[in-house]
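Coordinates as given in final16.cif (mmCIF, C-alpha atoms):
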```
data_protein
loop_
_atom_site.group_PDB
_atom_site.id
_atom_site.type_symbol
_atom_site.label_atom_id
_atom_site.label_comp_id
_atom_site.auth_asym_id
_atom_site.auth_seq_id
_atom_site.Cartn_x
_atom_site.Cartn_y
_atom_site.Cartn_z
ATOM 1 C CA MET A 1 -0.316 7.320 11.293
ATOM 2 C CA ALA A 2 -3.505 5.426 12.025
ATOM 3 C CA LEU A 3 -4.418 4.675 15.621
ATOM 4 C CA THR A 4 -3.508 1.140 16.623
ATOM 5 C CA LEU A 5 -6.021 -1.266 18.078
ATOM 6 C CA GLU A 6 -4.268 -0.956 21.449
ATOM 7 C CA GLU A 7 -4.391 2.853 21.371
ATOM 8 C CA ILE A 8 -8.097 2.823 20.599
ATOM 9 C CA ALA A 9 -8.902 0.162 23.214
ATOM 10 C CA GLY A 10 -7.010 2.000 25.945
ATOM 11 C CA HIS A 11 -8.359 5.490 25.280
ATOM 12 C CA PRO A 12 -10.208 6.963 28.293
ATOM 13 C CA ALA A 13 -12.881 8.536 26.059
ATOM 14 C CA LEU A 14 -13.600 5.338 24.126
ATOM 15 C CA HIS A 15 -16.755 4.202 25.918
ATOM 16 C CA ARG A 16 -18.507 7.551 25.684
ATOM 17 C CA SER A 17 -17.493 7.905 22.048
ATOM 18 C CA ILE A 18 -18.834 4.425 21.291
ATOM 19 C CA ARG A 19 -22.140 5.337 22.914
ATOM 20 C CA VAL A 20 -22.420 8.435 20.715
ATOM 21 C CA GLN A 21 -21.586 6.264 17.710
ATOM 22 C CA ALA A 22 -24.329 3.749 18.625
ATOM 23 C CA GLN A 23 -26.831 6.604 18.916
ATOM 24 C CA ALA A 24 -25.794 7.822 15.462
ATOM 25 C CA MET A 25 -26.372 4.326 14.085
ATOM 26 C CA ASN A 26 -29.874 4.348 15.569
ATOM 27 C CA ARG A 27 -30.655 7.609 13.769
ATOM 28 C CA THR A 28 -29.355 6.173 10.497
ATOM 29 C CA TYR A 29 -31.657 3.182 10.907
ATOM 30 C CA GLU A 30 -34.647 5.446 11.547
ATOM 31 C CA ILE A 31 -34.082 7.351 8.288
ATOM 32 C CA ASN A 32 -34.775 4.287 6.130
ATOM 33 C CA PRO A 33 -35.291 0.975 7.976
ATOM 34 C CA ARG A 34 -35.711 -1.026 4.756
ATOM 35 C CA LEU A 35 -32.472 0.289 3.300
ATOM 36 C CA ALA A 36 -30.719 -0.247 6.633
ATOM 37 C CA SER A 37 -31.864 -3.876 6.456
ATOM 38 C CA VAL A 38 -29.226 -4.389 3.747
ATOM 39 C CA PHE A 39 -26.821 -4.493 6.693
ATOM 40 C CA ALA A 40 -29.248 -6.436 8.888
ATOM 41 C CA THR A 41 -26.985 -9.397 9.620
ATOM 42 C CA GLN A 42 -23.249 -9.970 9.630
ATOM 43 C CA GLN A 43 -23.540 -11.978 6.419
ATOM 44 C CA ARG A 44 -25.551 -9.315 4.565
ATOM 45 C CA TRP A 45 -23.213 -6.612 5.874
ATOM 46 C CA LEU A 46 -20.199 -8.390 4.398
ATOM 47 C CA MET A 47 -21.987 -9.121 1.113
ATOM 48 C CA ALA A 48 -22.915 -5.444 0.796
ATOM 49 C CA HIS A 49 -19.295 -4.410 1.375
ATOM 50 C CA ILE A 50 -18.117 -6.863 -1.286
ATOM 51 C CA GLY A 51 -20.591 -5.469 -3.795
ATOM 52 C CA LEU A 52 -19.625 -1.879 -3.047
ATOM 53 C CA ALA A 53 -15.908 -2.652 -3.321
ATOM 54 C CA LEU A 54 -16.438 -4.257 -6.719
ATOM 55 C CA HIS A 55 -18.384 -1.192 -7.820
ATOM 56 C CA PHE A 56 -15.799 1.319 -6.630
ATOM 57 C CA ARG A 57 -12.930 -0.678 -8.135
ATOM 58 C CA ARG A 58 -14.637 -1.004 -11.503
ATOM 59 C CA GLU A 59 -13.064 0.095 -14.748
ATOM 60 C CA PRO A 60 -15.821 2.074 -16.531
ATOM 61 C CA ASP A 61 -14.339 1.486 -19.975
ATOM 62 C CA ASP A 62 -14.195 -2.288 -19.499
ATOM 63 C CA TYR A 63 -17.599 -3.815 -18.791
ATOM 64 C CA ARG A 64 -15.890 -7.098 -17.867
ATOM 65 C CA LYS A 65 -14.355 -5.360 -14.825
ATOM 66 C CA GLN A 66 -17.533 -3.851 -13.422
ATOM 67 C CA LEU A 67 -19.943 -5.091 -10.767
ATOM 68 C CA THR A 68 -21.755 -8.080 -12.224
ATOM 69 C CA ALA A 69 -23.598 -10.980 -10.634
ATOM 70 C CA ALA A 70 -20.883 -13.387 -11.773
ATOM 71 C CA ARG A 71 -18.035 -11.341 -10.262
ATOM 72 C CA PHE A 72 -20.000 -10.792 -7.049
ATOM 73 C CA LEU A 73 -20.740 -14.497 -6.649
ATOM 74 C CA ASP A 74 -17.104 -15.339 -7.346
ATOM 75 C CA VAL A 75 -15.791 -13.044 -4.595
ATOM 76 C CA ILE A 76 -18.441 -14.319 -2.174
ATOM 77 C CA ARG A 77 -17.184 -17.854 -2.890
ATOM 78 C CA GLN A 78 -13.516 -16.874 -2.535
ATOM 79 C CA HIS A 79 -14.124 -15.451 0.935
ATOM 80 C CA ASP A 80 -16.669 -18.081 1.985
ATOM 81 C CA VAL A 81 -19.155 -15.412 3.071
ATOM 82 C CA ALA A 82 -22.364 -17.130 1.949
ATOM 83 C CA SER A 83 -23.708 -19.917 -0.222
ATOM 84 C CA ARG A 84 -24.294 -19.244 -3.906
ATOM 85 C CA ASN A 85 -28.062 -19.403 -3.396
ATOM 86 C CA THR A 86 -27.955 -16.932 -0.510
ATOM 87 C CA ALA A 87 -25.764 -14.506 -2.460
ATOM 88 C CA ASP A 88 -27.959 -14.829 -5.555
ATOM 89 C CA ALA A 89 -31.089 -14.140 -3.470
ATOM 90 C CA PHE A 90 -29.351 -11.085 -1.993
ATOM 91 C CA ILE A 91 -28.711 -9.656 -5.476
ATOM 92 C CA LYS A 92 -32.328 -10.267 -6.509
ATOM 93 C CA GLU A 93 -33.571 -8.526 -3.361
ATOM 94 C CA MET A 94 -31.325 -5.522 -3.959
ATOM 95 C CA LEU A 95 -32.612 -5.252 -7.538
ATOM 96 C CA HIS A 96 -36.234 -5.669 -6.437
ATOM 97 C CA TYR A 97 -36.056 -2.737 -4.028
ATOM 98 C CA GLY A 98 -34.015 -0.585 -6.396
ATOM 99 C CA PHE A 99 -30.941 -0.524 -4.170
ATOM 100 C CA ILE A 100 -28.887 -1.633 -7.163
ATOM 101 C CA GLU A 101 -29.749 -1.192 -10.836
ATOM 102 C CA TYR A 102 -28.595 -2.515 -14.167
ATOM 103 C CA LEU A 103 -26.480 -0.324 -16.420
ATOM 104 C CA PRO A 104 -27.331 -0.002 -20.129
ATOM 105 C CA ALA A 105 -26.802 -3.112 -22.232
ATOM 106 C CA THR A 106 -23.217 -3.944 -23.191
ATOM 107 C CA GLN A 107 -21.765 -5.396 -26.369
ATOM 108 C CA ASP A 108 -21.985 -8.811 -24.734
ATOM 109 C CA ALA A 109 -25.625 -9.444 -23.813
ATOM 110 C CA ARG A 110 -24.548 -12.149 -21.352
ATOM 111 C CA ILE A 111 -22.832 -9.549 -19.124
ATOM 112 C CA ARG A 112 -25.113 -7.160 -17.257
ATOM 113 C CA PRO A 113 -23.130 -4.646 -15.160
ATOM 114 C CA MET A 114 -24.856 -3.190 -12.097
ATOM 115 C CA GLN A 115 -24.336 -0.186 -9.852
ATOM 116 C CA PRO A 116 -25.756 0.909 -6.503
ATOM 117 C CA ALA A 117 -28.501 3.520 -6.691
ATOM 118 C CA VAL A 118 -27.357 6.938 -5.490
ATOM 119 C CA PHE A 119 -29.776 6.925 -2.560
ATOM 120 C CA ALA A 120 -28.500 3.501 -1.474
ATOM 121 C CA LEU A 121 -25.060 4.961 -0.729
ATOM 122 C CA GLU A 122 -26.480 7.284 1.940
ATOM 123 C CA PRO A 123 -26.491 4.822 4.866
ATOM 124 C CA VAL A 124 -22.970 3.683 3.947
ATOM 125 C CA THR A 125 -21.807 7.290 3.986
ATOM 126 C CA LEU A 126 -23.518 7.969 7.324
ATOM 127 C CA TRP A 127 -22.055 4.759 8.770
ATOM 128 C CA LEU A 128 -18.558 5.787 7.759
ATOM 129 C CA MET A 129 -19.044 9.357 8.988
ATOM 130 C CA ALA A 130 -20.152 8.130 12.428
ATOM 131 C CA HIS A 131 -17.018 6.002 12.787
ATOM 132 C CA LEU A 132 -14.709 8.759 11.543
ATOM 133 C CA HIS A 133 -16.285 11.063 14.128
ATOM 134 C CA THR A 134 -15.475 8.472 16.799
ATOM 135 C CA LEU A 135 -11.851 8.266 15.684
ATOM 136 C CA ASP A 136 -11.556 12.061 15.581
ATOM 137 C CA SER A 137 -12.948 12.258 19.111
ATOM 138 C CA LEU A 138 -10.099 10.043 20.304
ATOM 139 C CA ASP A 139 -7.147 11.948 18.869
ATOM 140 C CA GLY A 140 -8.434 15.341 17.709
ATOM 141 C CA ALA A 141 -7.653 14.619 14.053
ATOM 142 C CA SER A 142 -9.765 15.770 11.101
ATOM 143 C CA ARG A 143 -10.737 12.588 9.273
ATOM 144 C CA LEU A 144 -14.387 13.539 8.977
ATOM 145 C CA ALA A 145 -13.616 16.997 7.586
ATOM 146 C CA MET A 146 -11.190 15.448 5.098
ATOM 147 C CA PHE A 147 -13.797 12.871 4.077
ATOM 148 C CA LEU A 148 -16.466 15.541 3.534
ATOM 149 C CA SER A 149 -14.075 17.670 1.478
ATOM 150 C CA ARG A 150 -13.452 14.901 -1.075
ATOM 151 C CA PRO A 151 -16.275 13.913 -3.469
ATOM 152 C CA ASP A 152 -14.398 10.698 -4.218
ATOM 153 C CA ALA A 153 -13.713 9.840 -0.564
ATOM 154 C CA LEU A 154 -16.193 6.979 -0.245
ATOM 155 C CA ALA A 155 -14.913 5.350 -3.437
ATOM 156 C CA MET A 156 -11.320 5.642 -2.212
ATOM 157 C CA VAL A 157 -11.710 4.264 1.287
ATOM 158 C CA GLN A 158 -14.610 1.768 1.199
ATOM 159 C CA PRO A 159 -12.811 -0.964 -0.802
ATOM 160 C CA LEU A 160 -9.894 -0.810 1.631
ATOM 161 C CA ILE A 161 -12.288 -1.119 4.562
ATOM 162 C CA ALA A 162 -13.935 -4.111 2.874
ATOM 163 C CA ASP A 163 -10.511 -5.762 2.475
ATOM 164 C CA GLY A 164 -9.808 -5.259 6.158
ATOM 165 C CA LEU A 165 -13.176 -6.598 7.302
ATOM 166 C CA LEU A 166 -12.979 -9.695 5.116
ATOM 167 C CA SER A 167 -9.454 -10.554 6.298
ATOM 168 C CA SER A 168 -10.169 -10.037 10.018
ATOM 169 C CA ASN A 169 -10.764 -13.156 12.106
ATOM 170 C CA PRO A 170 -12.387 -11.177 14.964
ATOM 171 C CA VAL A 171 -14.843 -9.687 12.446
ATOM 172 C CA ARG A 172 -15.552 -12.994 10.708
ATOM 173 C CA GLU A 173 -15.738 -15.012 13.942
ATOM 174 C CA PRO A 174 -17.302 -12.805 16.648
ATOM 175 C CA LYS A 175 -17.590 -13.918 20.272
ATOM 176 C CA LYS A 176 -20.565 -15.765 21.716
ATOM 177 C CA THR A 177 -23.240 -13.133 22.422
ATOM 178 C CA PHE A 178 -22.144 -10.816 19.643
ATOM 179 C CA SER A 179 -22.329 -13.800 17.288
ATOM 180 C CA LEU A 180 -25.825 -14.610 18.531
ATOM 181 C CA PHE A 181 -27.083 -11.178 17.512
ATOM 182 C CA THR A 182 -25.130 -10.882 14.257
ATOM 183 C CA TRP A 183 -27.268 -13.692 12.798
ATOM 184 C CA LEU A 184 -30.541 -12.053 13.922
ATOM 185 C CA ASN A 185 -32.367 -9.864 11.428
ATOM 186 C CA ASN A 186 -31.431 -6.321 12.438
ATOM 187 C CA GLY A 187 -29.182 -7.853 15.079
ATOM 188 C CA GLY A 188 -26.623 -5.085 14.715
ATOM 189 C CA VAL A 189 -29.375 -2.551 15.324
ATOM 190 C CA VAL A 190 -30.461 -4.485 18.424
ATOM 191 C CA MET A 191 -26.950 -4.266 19.848
ATOM 192 C CA ASP A 192 -26.553 -0.591 18.929
ATOM 193 C CA TRP A 193 -29.850 0.201 20.631
ATOM 194 C CA LEU A 194 -28.897 -1.723 23.779
ATOM 195 C CA ILE A 195 -25.514 -0.016 24.083
ATOM 196 C CA SER A 196 -26.811 3.439 23.166
ATOM 197 C CA GLY A 197 -28.786 3.387 26.397
ATOM 198 C CA VAL A 198 -25.875 2.394 28.632
ATOM 199 C CA ASP A 199 -24.243 5.013 30.825
ATOM 200 C CA PRO A 200 -20.477 4.327 30.616
ATOM 201 C CA ASP A 201 -20.201 5.240 34.300
ATOM 202 C CA HIS A 202 -22.185 2.057 35.023
ATOM 203 C CA ALA A 203 -19.914 -0.187 32.962
ATOM 204 C CA ASN A 204 -18.308 -1.618 36.107
ATOM 205 C CA LEU A 205 -21.603 -2.957 37.489
ATOM 206 C CA ASN A 206 -22.448 -6.671 37.418
ATOM 207 C CA ARG A 207 -25.715 -5.794 35.700
ATOM 208 C CA ILE A 208 -25.335 -2.746 33.473
ATOM 209 C CA PRO A 209 -28.727 -1.003 33.007
ATOM 210 C CA THR A 210 -29.952 0.023 29.554
ATOM 211 C CA ASP A 211 -32.918 2.304 28.904
ATOM 212 C CA ILE A 212 -35.055 -0.467 27.353
ATOM 213 C CA VAL A 213 -38.170 -1.436 29.273
ATOM 214 C CA SER A 214 -40.710 -2.863 26.816
ATOM 215 C CA ILE A 215 -39.878 -5.674 24.384
ATOM 216 C CA GLY A 216 -42.999 -4.758 22.428
ATOM 217 C CA ASP A 217 -41.917 -1.148 21.940
ATOM 218 C CA PHE A 218 -38.385 -2.323 21.140
ATOM 219 C CA ALA A 219 -39.660 -4.797 18.512
ATOM 220 C CA THR A 220 -41.973 -2.191 16.967
ATOM 221 C CA TRP A 221 -39.129 0.292 16.604
ATOM 222 C CA LEU A 222 -36.973 -2.420 15.034
ATOM 223 C CA LYS A 223 -39.732 -3.495 12.600
ATOM 224 C CA LEU A 224 -39.100 -6.982 13.995
ATOM 225 C CA SER A 225 -41.401 -9.729 15.200
ATOM 226 C CA ARG A 226 -41.796 -9.506 18.968
ATOM 227 C CA THR A 227 -41.751 -13.311 19.144
ATOM 228 C CA HIS A 228 -38.527 -13.520 17.134
ATOM 229 C CA LEU A 229 -36.851 -10.798 19.198
ATOM 230 C CA ALA A 230 -37.991 -12.349 22.484
ATOM 231 C CA ARG A 231 -36.593 -15.728 21.407
ATOM 232 C CA LYS A 232 -33.168 -14.232 20.717
ATOM 233 C CA LEU A 233 -33.208 -12.232 23.923
ATOM 234 C CA ARG A 234 -34.111 -15.397 25.830
ATOM 235 C CA ALA A 235 -31.119 -17.152 24.241
ATOM 236 C CA ALA A 236 -28.900 -14.232 25.281
ATOM 237 C CA GLU A 237 -30.427 -14.402 28.752
ATOM 238 C CA GLU A 238 -29.541 -18.088 28.997
ATOM 239 C CA LEU A 239 -25.947 -17.105 28.243
ATOM 240 C CA GLY A 240 -26.114 -14.635 31.129
ATOM 241 C CA SER A 241 -25.614 -11.746 28.707
ATOM 242 C CA VAL A 242 -28.885 -9.844 29.216
ATOM 243 C CA GLY A 243 -31.714 -9.803 31.716
ATOM 244 C CA TRP A 244 -34.304 -7.641 33.421
ATOM 245 C CA LEU A 245 -34.017 -5.887 36.750
ATOM 246 C CA GLY A 246 -37.638 -6.843 37.497
ATOM 247 C CA GLN A 247 -40.348 -8.704 35.581
ATOM 248 C CA ARG A 248 -39.054 -10.055 32.277
ATOM 249 C CA GLY A 249 -40.115 -7.837 29.406
ATOM 250 C CA ASN A 250 -41.633 -5.175 31.642
ATOM 251 C CA SER A 251 -38.683 -3.726 33.509
ATOM 252 C CA VAL A 252 -35.332 -2.182 32.670
ATOM 253 C CA MET A 253 -33.132 -4.516 30.670
ATOM 254 C CA TRP A 254 -29.514 -4.971 31.667
ATOM 255 C CA VAL A 255 -26.475 -6.276 29.814
ATOM 256 C CA SER A 256 -23.606 -8.178 31.356
ATOM 257 C CA PRO A 257 -20.077 -6.774 31.582
ATOM 258 C CA ASP A 258 -18.907 -9.576 29.266
ATOM 259 C CA PHE A 259 -21.453 -8.711 26.562
ATOM 260 C CA TYR A 260 -20.751 -4.994 26.942
ATOM 261 C CA GLN A 261 -17.035 -5.657 26.512
ATOM 262 C CA GLU A 262 -17.702 -7.922 23.512
ATOM 263 C CA TYR A 263 -19.513 -5.026 21.846
ATOM 264 C CA ILE A 264 -16.779 -2.524 22.728
ATOM 265 C CA SER A 265 -14.061 -4.911 21.525
ATOM 266 C CA ALA A 266 -15.864 -5.486 18.220
ATOM 267 C CA GLN A 267 -16.094 -1.715 17.689
ATOM 268 C CA VAL A 268 -12.394 -1.319 18.483
ATOM 269 C CA VAL A 269 -11.447 -3.923 15.854
ATOM 270 C CA LYS A 270 -13.683 -2.240 13.281
ATOM 271 C CA LEU A 271 -12.393 1.257 14.108
ATOM 272 C CA ALA A 272 -8.775 0.102 13.773
ATOM 273 C CA ILE A 273 -9.556 -1.439 10.367
ATOM 274 C CA MET A 274 -11.295 1.730 9.217
ATOM 275 C CA ASP A 275 -8.520 4.015 10.439
ATOM 276 C CA ALA A 276 -5.851 1.915 8.720
ATOM 277 C CA ALA A 277 -7.886 2.084 5.501
ATOM 278 C CA PHE A 278 -8.387 5.829 5.853
ATOM 279 C CA SER A 279 -4.689 6.384 6.473
ATOM 280 C CA GLU A 280 -3.801 4.290 3.422
ATOM 281 C CA ALA A 281 -6.252 6.192 1.252
ATOM 282 C CA PHE A 282 -5.529 9.750 2.393
ATOM 283 C CA GLY A 283 -2.277 9.735 4.319
ATOM 284 C CA SER A 284 -1.783 11.553 7.618
ATOM 285 C CA THR A 285 -4.786 12.309 9.812
ATOM 286 C CA ALA A 286 -2.784 14.083 12.488
ATOM 287 C CA PRO A 287 -4.481 16.908 14.400
ATOM 288 C CA ASN A 288 -4.143 20.376 12.888
#
```
Let me see the structure of the file written as structure tokens.
Amino acid sequence: MALTLEEIAGHPALHRSIRVQAQAMNRTYEINPRLASVFATQQRWLMAHIGLALHFRREPDDYRKQLTAARFLDVIRQHDVASRNTADAFIKEMLHYGFIEYLPATQDARIRPMQPAVFALEPVTLWLMAHLHTLDSLDGASRLAMFLSRPDALAMVQPLIADGLLSSNPVREPKKTFSLFTWLNNGGVVMDWLISGVDPDHANLNRIPTDIVSIGDFATWLKLSRTHLARKLRAAEELGSVGWLGQRGNSVMWVSPDFYQEYISAQVVKLAIMDAAFSEAFGSTAPN
């Protein structure tokens, strides 16, 4: 049986496991920042999951049931994820950078099936592996080993994860500070980097220290405009969610307990969705 949201949230090892997960996400970003930018905002993250689910659920012998621009735009509309123009621009960007590619021409020239490039699946695989490792660390199960043993594992579980994400109100409507960052380019990376530097033993402090000192260095690592990042951090500061222990921008940054808990809660929701999907796809994940 999959872990419930309550079991995950109440696990004594959760905070340390989440920190390890955030550090893994940072490493994934460093491998290919441009490719990681596909998941740069909440909206792009959901659009990418929709596209992947359509690809993995395709019927190879029926080109009308493969990933096409028309089918992608239709699902985006059904779930109210983005405007048609935004979704269309996303497809064009993915094609431009080679993250998706057209398949050979079909009998109907009006239909142009697409598929993700092989290399573009790497960050998705690493993302899933990091979360399976977190779940395994909570109950001693072997999800990650099972995933790695199945060549078709990503195709089996990703569409189910996408279904869960798209139908989750907490995912679609995040809380105040989390929402602020989810609309920032690379906002998820910003949050992962902040939390990766938090010692869980300090989580009960009124101002929880991170290991970030320089906004300039932070922005450079993120491949993000320092001005843009500073503006978002100032907005988060006005909410009381972040701050500096000394001079702004030149001392250790802290996060508030509320923001820290928002991040943890968002990870719990996502982990529960992923574990339910994994259990549906592969059955029992009980410890050996």
What's around A:Phe218 at 9 Å? Count all atoms listed in the file, leave out sequence neighbours fewer than 6 positions away in its own chain, and write the answer as a list of chain:residue names.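 Once the nearby chain positions are removed, what remains is A:Val190, A:Trp193, A:Ile212, A:Leu224, A:Arg226, A:Leu229.
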Just say which residues the PyMOL selection byres ((chain A and resi 113) around 7) picks in this file, as a list in words. Tyr63, Gln66, Leu67, Thr68, Tyr102, Leu103, Ile111, Arg112 and Met114 of chain A
Name the residues in contact with stretch 256-260 of chain A at a cut-off of 9 Å, using all atoms listed in the file, excluding same-chain residues fewer than 2 positions from it; report them as a list of chain:residue names.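 Those residues are A:Lys176, A:Thr177, A:Phe178, A:Ile195, A:Ala203, A:Asn204, A:Leu205, A:Asn206, A:Arg207, A:Ile208, A:Pro209, A:Gly240, A:Ser241, A:Val242, A:Gly243, A:Trp254, A:Glu262, A:Tyr263, A:Ile264, A:Ser265.
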Given the file above and the PyMOL selection byres ((chain A and resi 77-91) around 10), which residues are selected, and can you give them as a CSV table (one decimal) with C-alpha atoms, in the frame of the given file?
```
chain,number,residue,atom,x,y,z
A,38,VAL,CA,-29.2,-4.4,3.7
A,42,GLN,CA,-23.2,-10.0,9.6
A,43,GLN,CA,-23.5,-12.0,6.4
A,44,ARG,CA,-25.6,-9.3,4.6
A,46,LEU,CA,-20.2,-8.4,4.4
A,47,MET,CA,-22.0,-9.1,1.1
A,48,ALA,CA,-22.9,-5.4,0.8
A,50,ILE,CA,-18.1,-6.9,-1.3
A,51,GLY,CA,-20.6,-5.5,-3.8
A,68,THR,CA,-21.8,-8.1,-12.2
A,69,ALA,CA,-23.6,-11.0,-10.6
A,70,ALA,CA,-20.9,-13.4,-11.8
A,71,ARG,CA,-18.0,-11.3,-10.3
A,72,PHE,CA,-20.0,-10.8,-7.0
A,73,LEU,CA,-20.7,-14.5,-6.6
A,74,ASP,CA,-17.1,-15.3,-7.3
A,75,VAL,CA,-15.8,-13.0,-4.6
A,76,ILE,CA,-18.4,-14.3,-2.2
A,92,LYS,CA,-32.3,-10.3,-6.5
A,93,GLU,CA,-33.6,-8.5,-3.4
A,94,MET,CA,-31.3,-5.5,-4.0
A,95,LEU,CA,-32.6,-5.3,-7.5
A,96,HIS,CA,-36.2,-5.7,-6.4
A,99,PHE,CA,-30.9,-0.5,-4.2
A,100,ILE,CA,-28.9,-1.6,-7.2
A,166,LEU,CA,-13.0,-9.7,5.1
A,167,SER,CA,-9.5,-10.6,6.3
A,172,ARG,CA,-15.6,-13.0,10.7
```
Name all residues at most 10 Å from A:Leu14 (count all atoms listed in the file; drop same-chain ones fewer than 3 positions away) and give them as a PDB file with C-alpha atoms, keeping the file's coordinate frame.
```
ATOM      1  CA  GLU A   7      -4.391   2.853  21.371  1.00  0.00           C
ATOM      2  CA  ILE A   8      -8.097   2.823  20.599  1.00  0.00           C
ATOM      3  CA  ALA A   9      -8.902   0.162  23.214  1.00  0.00           C
ATOM      4  CA  GLY A  10      -7.010   2.000  25.945  1.00  0.00           C
ATOM      5  CA  HIS A  11      -8.359   5.490  25.280  1.00  0.00           C
ATOM      6  CA  SER A  17     -17.493   7.905  22.048  1.00  0.00           C
ATOM      7  CA  ILE A  18     -18.834   4.425  21.291  1.00  0.00           C
ATOM      8  CA  ARG A  19     -22.140   5.337  22.914  1.00  0.00           C
ATOM      9  CA  VAL A  20     -22.420   8.435  20.715  1.00  0.00           C
ATOM     10  CA  THR A 134     -15.475   8.472  16.799  1.00  0.00           C
ATOM     11  CA  LEU A 135     -11.851   8.266  15.684  1.00  0.00           C
ATOM     12  CA  SER A 137     -12.948  12.258  19.111  1.00  0.00           C
ATOM     13  CA  LEU A 138     -10.099  10.043  20.304  1.00  0.00           C
ATOM     14  CA  PRO A 200     -20.477   4.327  30.616  1.00  0.00           C
ATOM     15  CA  ILE A 264     -16.779  -2.524  22.728  1.00  0.00           C
ATOM     16  CA  GLN A 267     -16.094  -1.715  17.689  1.00  0.00           C
ATOM     17  CA  VAL A 268     -12.394  -1.319  18.483  1.00  0.00           C
TER      18      VAL A 268
END
```
Using only C-alpha atoms, which of the listed residues (A:Lys175, A:His202, A:Arg57, A:His133) sits closest to A:Ala22? A:His133
Find the spatial neighbours of A:Ser168, counting all atoms listed in the file, within a cut-off of 12 Å - ignore same-chain residues fewer than 5 positions away - and output them as a PyMOL selection string. chain A and resi 46+79+161-163+173-174+266+269-270+272-274
Write to file, as an mmCIF file, in the coordinates of the input, the residues of the selection just made, with C-alpha atoms.
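Writing the result to selection-v3.cif gives the following:
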```cif
data_model
loop_
_atom_site.group_PDB
_atom_site.id
_atom_site.type_symbol
_atom_site.label_atom_id
_atom_site.label_comp_id
_atom_site.auth_asym_id
_atom_site.auth_seq_id
_atom_site.Cartn_x
_atom_site.Cartn_y
_atom_site.Cartn_z
ATOM 1 C CA LEU A 46 -20.199 -8.390 4.398
ATOM 2 C CA HIS A 79 -14.124 -15.451 0.935
ATOM 3 C CA ILE A 161 -12.288 -1.119 4.562
ATOM 4 C CA ALA A 162 -13.935 -4.111 2.874
ATOM 5 C CA ASP A 163 -10.511 -5.762 2.475
ATOM 6 C CA GLU A 173 -15.738 -15.012 13.942
ATOM 7 C CA PRO A 174 -17.302 -12.805 16.648
ATOM 8 C CA ALA A 266 -15.864 -5.486 18.220
ATOM 9 C CA VAL A 269 -11.447 -3.923 15.854
ATOM 10 C CA LYS A 270 -13.683 -2.240 13.281
ATOM 11 C CA ALA A 272 -8.775 0.102 13.773
ATOM 12 C CA ILE A 273 -9.556 -1.439 10.367
ATOM 13 C CA MET A 274 -11.295 1.730 9.217
#
```
Using the chain letters and numbers from the file, which residues does the PyMOL selection byres ((chain A and resi 141) around 12) grab, as a list in words?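 What the PyMOL selection byres ((chain A and resi 141) around 12) grabs from the file is Met1, Ala2, Leu3, Leu132, His133, Thr134, Leu135, Asp136, Ser137, Leu138, Asp139, Gly140, Ser142, Arg143, Leu144, Ala145, Met146, Phe147, Asp275, Ser279, Ser284, Thr285, Ala286, Pro287 and Asn288 of chain A.
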In Å to one decimal, how far is atom CA of A:Leu154 from atom CA of A:Met25?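 The value is 17.8 Å.
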Counting only C-alpha atoms, figure out which residue out of A:Gly283, A:Pro33, A:Gly164, A:Pro159 gets nearest to A:Ala120.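 Of A:Gly283, A:Pro33, A:Gly164, A:Pro159, the one nearest A:Ala120 is A:Pro33, counting only C-alpha atoms.
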Rounded to one decimal place, report the atom CA of A:Trp45-atom CA of A:Ser149 distance in Å.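 Separating atom CA of A:Trp45 from atom CA of A:Ser149 is a distance of 26.3 Å.
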State, in Å with one decimal place, the distance from atom CA of A:Pro116 to atom CA of A:Ser225.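 Distance reported for this atom pair: 28.8 Å.
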Using the file's own x, y and z axes, so that the box edges lie along x, y and z, what centre and edge lengths in Å (one decimal) does a box around every listed atom of stretch 248-252 of chain A get when 5 Å is added on each side? Give it as AutoDock Vina command-line options.
```
--center_x -38.5 --center_y -6.1 --center_z 31.5 --size_x 16.3 --size_y 17.9 --size_z 14.1
```
So, counting all atoms listed in the file, which residue among A:Thr220, A:Asn32, A:Ser196, A:Thr182 is closest to A:Leu126?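 Closest candidate: A:Asn32.
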Coordinates of stretch 44-51 of chain A, N, CA and C atoms, as an mmCIF file, in the first residue's frame:
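Written output follows (selection03.cif):
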```
data_model
loop_
_atom_site.group_PDB
_atom_site.id
_atom_site.type_symbol
_atom_site.label_atom_id
_atom_site.label_comp_id
_atom_site.auth_asym_id
_atom_site.auth_seq_id
_atom_site.Cartn_x
_atom_site.Cartn_y
_atom_site.Cartn_z
ATOM 1 N N ARG A 44 4.630 25.786 -16.475
ATOM 2 C CA ARG A 44 5.434 25.016 -17.420
ATOM 3 C C ARG A 44 5.594 23.577 -16.942
ATOM 4 N N TRP A 45 5.705 23.403 -15.638
ATOM 5 C CA TRP A 45 5.850 22.075 -15.041
ATOM 6 C C TRP A 45 4.624 21.232 -15.359
ATOM 7 N N LEU A 46 3.439 21.824 -15.199
ATOM 8 C CA LEU A 46 2.211 21.089 -15.495
ATOM 9 C C LEU A 46 2.061 20.834 -16.994
ATOM 10 N N MET A 47 2.409 21.815 -17.825
ATOM 11 C CA MET A 47 2.332 21.607 -19.267
ATOM 12 C C MET A 47 3.265 20.480 -19.705
ATOM 13 N N ALA A 48 4.457 20.427 -19.131
ATOM 14 C CA ALA A 48 5.402 19.369 -19.481
ATOM 15 C C ALA A 48 4.843 18.001 -19.098
ATOM 16 N N HIS A 49 4.218 17.917 -17.915
ATOM 17 C CA HIS A 49 3.635 16.642 -17.493
ATOM 18 C C HIS A 49 2.485 16.222 -18.414
ATOM 19 N N ILE A 50 1.700 17.175 -18.865
ATOM 20 C CA ILE A 50 0.612 16.855 -19.794
ATOM 21 C C ILE A 50 1.181 16.299 -21.091
ATOM 22 N N GLY A 51 2.193 16.953 -21.623
ATOM 23 C CA GLY A 51 2.806 16.486 -22.861
ATOM 24 C C GLY A 51 3.395 15.094 -22.722
#
```
